[in-house]
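Pasted below: structure_10.cif, mmCIF, C-alpha atoms.
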```
data_upload
#
loop_
_atom_site.label_atom_id
_atom_site.label_comp_id
_atom_site.auth_asym_id
_atom_site.auth_seq_id
_atom_site.Cartn_x
_atom_site.Cartn_y
_atom_site.Cartn_z
CA MET A 1 0.00 0.00 0.00
CA LYS A 2 2.46 2.55 -1.25
CA TYR A 3 -0.08 5.39 -1.16
CA LEU A 4 -0.43 5.08 2.62
CA SER A 5 3.24 4.94 3.58
CA ALA A 6 3.05 8.39 5.25
CA TYR A 7 -0.07 7.52 7.23
CA PRO A 8 -0.10 5.89 10.70
CA THR A 9 0.19 2.12 10.83
CA THR A 10 -3.21 1.89 12.54
CA LEU A 11 -4.85 3.52 9.49
CA GLN A 12 -2.89 1.23 7.18
CA ALA A 13 -4.17 -1.80 9.10
CA GLN A 14 -7.77 -0.53 8.89
CA VAL A 15 -7.46 -0.06 5.14
CA ARG A 16 -5.91 -3.49 4.67
CA ARG A 17 -8.84 -5.01 6.60
CA LEU A 18 -11.37 -3.12 4.43
CA LEU A 19 -9.57 -4.35 1.30
CA ASP A 20 -9.40 -7.94 2.52
CA GLU A 21 -13.12 -7.86 3.30
CA GLU A 22 -13.80 -6.09 -0.03
CA ARG A 23 -15.58 -3.25 1.78
CA LEU A 24 -13.43 -0.23 0.86
CA GLY A 25 -15.68 0.81 -2.05
CA THR A 26 -18.78 0.52 0.14
CA TRP A 27 -17.11 2.54 2.90
CA LEU A 28 -16.24 5.32 0.42
CA ARG A 29 -19.80 5.36 -0.99
CA GLU A 30 -21.19 5.70 2.53
CA ARG A 31 -18.85 8.64 3.28
CA TYR A 32 -19.82 10.42 0.04
CA PRO A 33 -23.48 9.50 -0.58
CA GLU A 34 -23.90 12.46 -2.96
CA GLY A 35 -21.77 10.59 -5.49
CA ALA A 36 -20.03 12.28 -8.37
CA HIS A 37 -20.14 16.03 -8.94
CA ALA A 38 -21.95 17.61 -11.90
CA VAL A 39 -18.82 18.83 -13.75
CA GLN A 40 -18.68 16.33 -16.60
CA THR A 41 -17.51 18.22 -19.70
CA ASP A 42 -14.39 20.19 -20.56
CA GLN A 43 -16.48 23.35 -20.85
CA ALA A 44 -18.02 22.78 -17.40
CA LEU A 45 -14.55 22.12 -15.96
CA TYR A 46 -13.26 25.35 -17.54
CA LEU A 47 -16.14 27.34 -16.02
CA TYR A 48 -15.68 25.66 -12.63
CA THR A 49 -11.92 26.30 -12.64
CA THR A 50 -12.15 29.91 -13.80
CA GLY A 51 -14.80 30.51 -11.14
CA LEU A 52 -12.40 29.32 -8.43
CA LYS A 53 -9.56 31.30 -10.01
CA ASN A 54 -11.63 34.47 -10.10
CA GLU A 55 -12.70 33.97 -6.49
CA PHE A 56 -9.28 33.28 -4.99
CA MET A 57 -6.69 34.48 -7.55
CA ARG A 58 -8.19 37.49 -9.32
CA LYS A 59 -4.83 38.93 -10.33
CA ALA A 60 -3.52 35.73 -11.90
CA GLY A 61 -3.35 35.61 -15.68
CA PRO A 62 -6.10 34.00 -17.72
CA LEU A 63 -6.39 30.29 -18.34
CA SER A 64 -6.37 29.41 -22.01
CA LYS A 65 -7.43 25.79 -21.57
CA VAL A 66 -8.84 23.54 -18.86
CA VAL A 67 -9.72 19.98 -19.83
CA PHE A 68 -10.23 16.47 -18.56
CA ASP A 69 -7.35 14.42 -19.97
CA SER A 70 -7.77 10.72 -20.68
CA LYS A 71 -4.01 10.36 -21.18
CA LEU A 72 -3.19 11.25 -17.58
CA HIS A 73 -2.96 7.97 -15.73
CA VAL A 74 -3.54 8.75 -12.09
CA ILE A 75 -1.98 5.67 -10.59
CA ARG A 76 1.41 6.07 -12.27
CA HIS A 77 1.77 9.75 -13.02
CA ALA A 78 -0.26 12.70 -11.83
CA LEU A 79 -3.75 13.69 -10.77
CA GLY A 80 -3.52 16.82 -12.86
CA THR A 81 -1.02 19.05 -14.61
CA HIS A 82 -0.47 22.76 -15.00
CA THR A 83 1.44 23.87 -18.08
CA THR A 84 2.72 27.28 -19.08
CA VAL A 85 3.59 27.65 -22.75
CA SER A 86 5.41 30.74 -23.99
CA ARG A 87 5.50 31.60 -27.69
CA VAL A 88 6.98 34.51 -29.59
CA GLN A 89 4.42 36.21 -31.82
CA GLY A 90 6.05 39.06 -33.69
CA SER A 91 7.77 41.21 -31.12
CA LYS A 92 5.63 39.97 -28.24
CA LEU A 93 5.95 37.00 -25.95
CA LYS A 94 2.56 35.32 -25.46
CA THR A 95 2.03 33.01 -22.51
CA LYS A 96 -0.75 30.43 -22.28
CA GLN A 97 -1.62 28.53 -19.14
CA GLU A 98 -3.35 25.17 -19.29
CA ILE A 99 -4.70 22.85 -16.64
CA ARG A 100 -5.38 19.19 -17.33
CA VAL A 101 -7.24 16.98 -14.87
CA ALA A 102 -7.26 13.20 -15.08
CA ASN A 103 -10.48 11.76 -16.53
CA LEU A 104 -10.94 9.80 -13.33
CA PHE A 105 -12.04 13.03 -11.66
CA LYS A 106 -15.30 13.02 -13.62
CA ALA A 107 -16.56 10.31 -11.27
CA VAL A 108 -15.46 11.60 -7.85
CA PRO A 109 -17.19 13.62 -5.14
CA ALA A 110 -17.05 17.41 -5.45
CA PRO A 111 -14.48 17.96 -2.63
CA TRP A 112 -11.93 15.84 -4.48
CA LEU A 113 -12.38 17.74 -7.76
CA ARG A 114 -12.01 21.02 -5.87
CA MET A 115 -8.83 19.73 -4.23
CA ILE A 116 -7.12 18.90 -7.54
CA VAL A 117 -8.28 22.10 -9.27
CA VAL A 118 -7.12 24.27 -6.36
CA HIS A 119 -3.76 22.47 -6.41
CA GLU A 120 -3.26 23.13 -10.12
CA LEU A 121 -4.43 26.75 -9.80
CA ALA A 122 -1.87 27.31 -7.04
CA HIS A 123 0.81 26.35 -9.55
CA MET A 124 -0.12 29.43 -11.57
CA LYS A 125 1.50 31.55 -8.85
CA GLU A 126 3.93 29.14 -7.21
CA ARG A 127 5.80 26.46 -9.16
CA ASP A 128 7.33 24.64 -6.21
CA HIS A 129 5.54 22.80 -3.44
CA ASP A 130 6.68 25.16 -0.71
CA LYS A 131 5.10 27.13 2.12
CA ALA A 132 3.71 29.84 -0.21
CA PHE A 133 2.23 27.18 -2.51
CA TYR A 134 0.40 25.41 0.31
CA ALA A 135 -0.83 28.72 1.68
CA LEU A 136 -2.53 29.28 -1.69
CA CYS A 137 -3.95 25.76 -1.62
CA THR A 138 -5.29 26.20 1.89
CA HIS A 139 -6.92 29.50 0.95
CA GLY A 140 -8.44 28.09 -2.26
CA ALA A 141 -9.75 25.01 -0.49
CA GLY A 142 -11.99 27.30 1.54
CA LEU A 143 -9.98 26.87 4.71
CA PRO A 144 -9.04 29.73 7.01
CA PRO A 145 -6.26 31.99 5.67
CA ALA A 146 -2.60 31.64 6.58
CA GLY A 147 -1.95 32.56 10.18
CA VAL A 148 -5.17 30.88 11.34
CA ARG A 149 -4.29 27.24 11.79
CA PRO A 150 -7.31 25.01 11.38
CA ALA A 151 -7.21 21.84 13.43
CA ALA A 152 -7.90 19.80 10.29
CA VAL A 153 -4.77 21.01 8.48
CA PRO A 154 -1.97 21.71 10.94
CA ASP A 155 1.30 22.69 9.22
CA ALA A 156 -0.18 22.23 5.75
CA HIS A 157 3.02 23.38 4.07
CA ARG A 158 5.02 20.63 5.80
CA ARG A 159 2.51 17.89 5.18
CA GLY A 160 1.81 18.70 1.53
CA ARG A 161 -1.90 19.32 1.94
CA CYS A 162 -4.18 21.24 -0.40
CA ALA A 163 -7.37 20.14 1.27
CA PRO A 164 -8.73 19.05 4.60
CA VAL A 165 -6.96 15.90 5.72
CA GLY A 166 -10.12 13.77 5.41
CA ASN A 167 -10.64 14.64 1.75
CA ARG A 168 -7.05 13.90 0.83
CA ARG A 169 -7.04 10.66 2.82
CA ASP A 170 -10.29 9.54 1.23
CA LEU A 171 -8.98 10.32 -2.25
CA THR A 172 -5.89 8.27 -1.42
CA LEU A 173 -8.12 5.39 -0.31
CA SER A 174 -10.06 5.64 -3.54
CA LEU A 175 -6.81 5.42 -5.53
CA ILE A 176 -5.90 2.31 -3.54
CA HIS A 177 -9.35 0.87 -4.24
CA ILE A 178 -9.08 1.31 -8.00
CA SER A 179 -5.45 0.20 -8.17
CA GLU A 180 -6.11 -3.16 -6.56
CA PRO A 181 -5.91 -5.89 -9.24
CA THR A 182 -9.46 -7.12 -8.57
CA ARG A 183 -11.00 -3.64 -8.67
CA LEU A 184 -12.39 -2.38 -11.96
CA GLY A 185 -13.96 0.93 -11.09
CA MET A 186 -14.21 4.00 -8.97
CA ILE A 187 -16.38 4.28 -5.86
#
```

Turn this file's structure into structure tokens for me.
Amino acid sequence: MKYLSAYPTTLQAQVRRLLDEERLGTWLRERYPEGAHAVQTDQALYLYTTGLKNEFMRKAGPLSKVVFDSKLHVIRHALGTHTTVSRVQGSKLKTKQEIRVANLFKAVPAPWLRMIVVHELAHMKERDHDKAFYALCTHGAGLPPAGVRPAAVPDAHRRGRCAPVGNRRDLTLSLIHISEPTRLGMI
């Protein structure tokens, strides 16, 4: 269970038991009875992402593209990507920013989609995963601003959190669920 290596051994044992009893998917469905969010198209994802950007990062440059990407394989690579492409057009340098989110995120609960979108938006301002980056993530996730330490996300910049611990943990459990050889689908 490589995804849980940073979590306490007691949590790892609980997850192993849920997997052995084939109850992890059921447990996730019970925690998120609302099911998948309504953002199902690239256009809807663009509108959702620009809405968050306009709410939390008004001064950031525009996004030229936001899409679900079927080529991003979550288990081996990334949950999403942020790309900045610079091109010379005449005497001007034009910069385009793109966000790609793995197709898997079409079928997840809304808090998980928000977590990945906020993470990728934070990369528009901060390239590295450092204290400033996680401060942006914490703010965009709807958590109290920097300086006010919520109990759910203590030392977010040290722990690499862009969302409340429960959401990130549950997403990790979902990735474990779908990566198991006998599992075919999402929650």

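Among the candidate residues A:Leu175, A:Val108, A:Ala102, A:Ala38, the one lying nearest to A:Leu79 is A:Ala102, with distances computed using all atoms listed in the file.
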
- Selection result of the PyMOL selection byres ((chain A and resi 120-131) around 9) on this file, as a ChimeraX atom specification: /A:49,52-53,57,60-61,80-84,97,99-101,115-119,132-137,140,156-158,160

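Close contacts of stretch 39-48 of chain A, defined as residues with an atom at most 6 Å away when counting all atoms listed in the file, with chain neighbours fewer than 6 positions off set aside, comprise Val66, Val67, Phe68 and Lys106 of chain A.
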
- Please evaluate the PyMOL selection byres ((chain A and resi 27) around 12) against the displayed coordinates and give the resulting residues as a PyMOL selection string. chain A and resi 14-15+17-19+21-26+28-33+170+173-174+177+187

- Task: In Å, rounded to a single decimal, give me how far atom CA of A:Leu4 is from atom CA of A:Ile176.
- Result: 8.7 Å

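Reported to one decimal place, the separation of atom CA of A:Thr10 from atom CA of A:Asn167 is 18.3 Å.
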
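Atom CA of A:Lys59 to atom CA of A:Leu113 spans 22.6 Å [interatomic distance, one decimal].
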
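Ranking A:Glu34, A:Val88, A:Glu98, A:Leu93 by their shortest atom-to-atom distance to A:Lys65, with all atoms listed in the file included, puts A:Glu98 first.
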
Exercise on stretch 108-111 of chain A, axis-aligned box with 4 Å per side, report centre and edge lengths in Å to one decimal, as JSON:
```
{"center_x": -15.8, "center_y": 14.8, "center_z": -5.2, "size_x": 10.7, "size_y": 14.4, "size_z": 13.2}
```
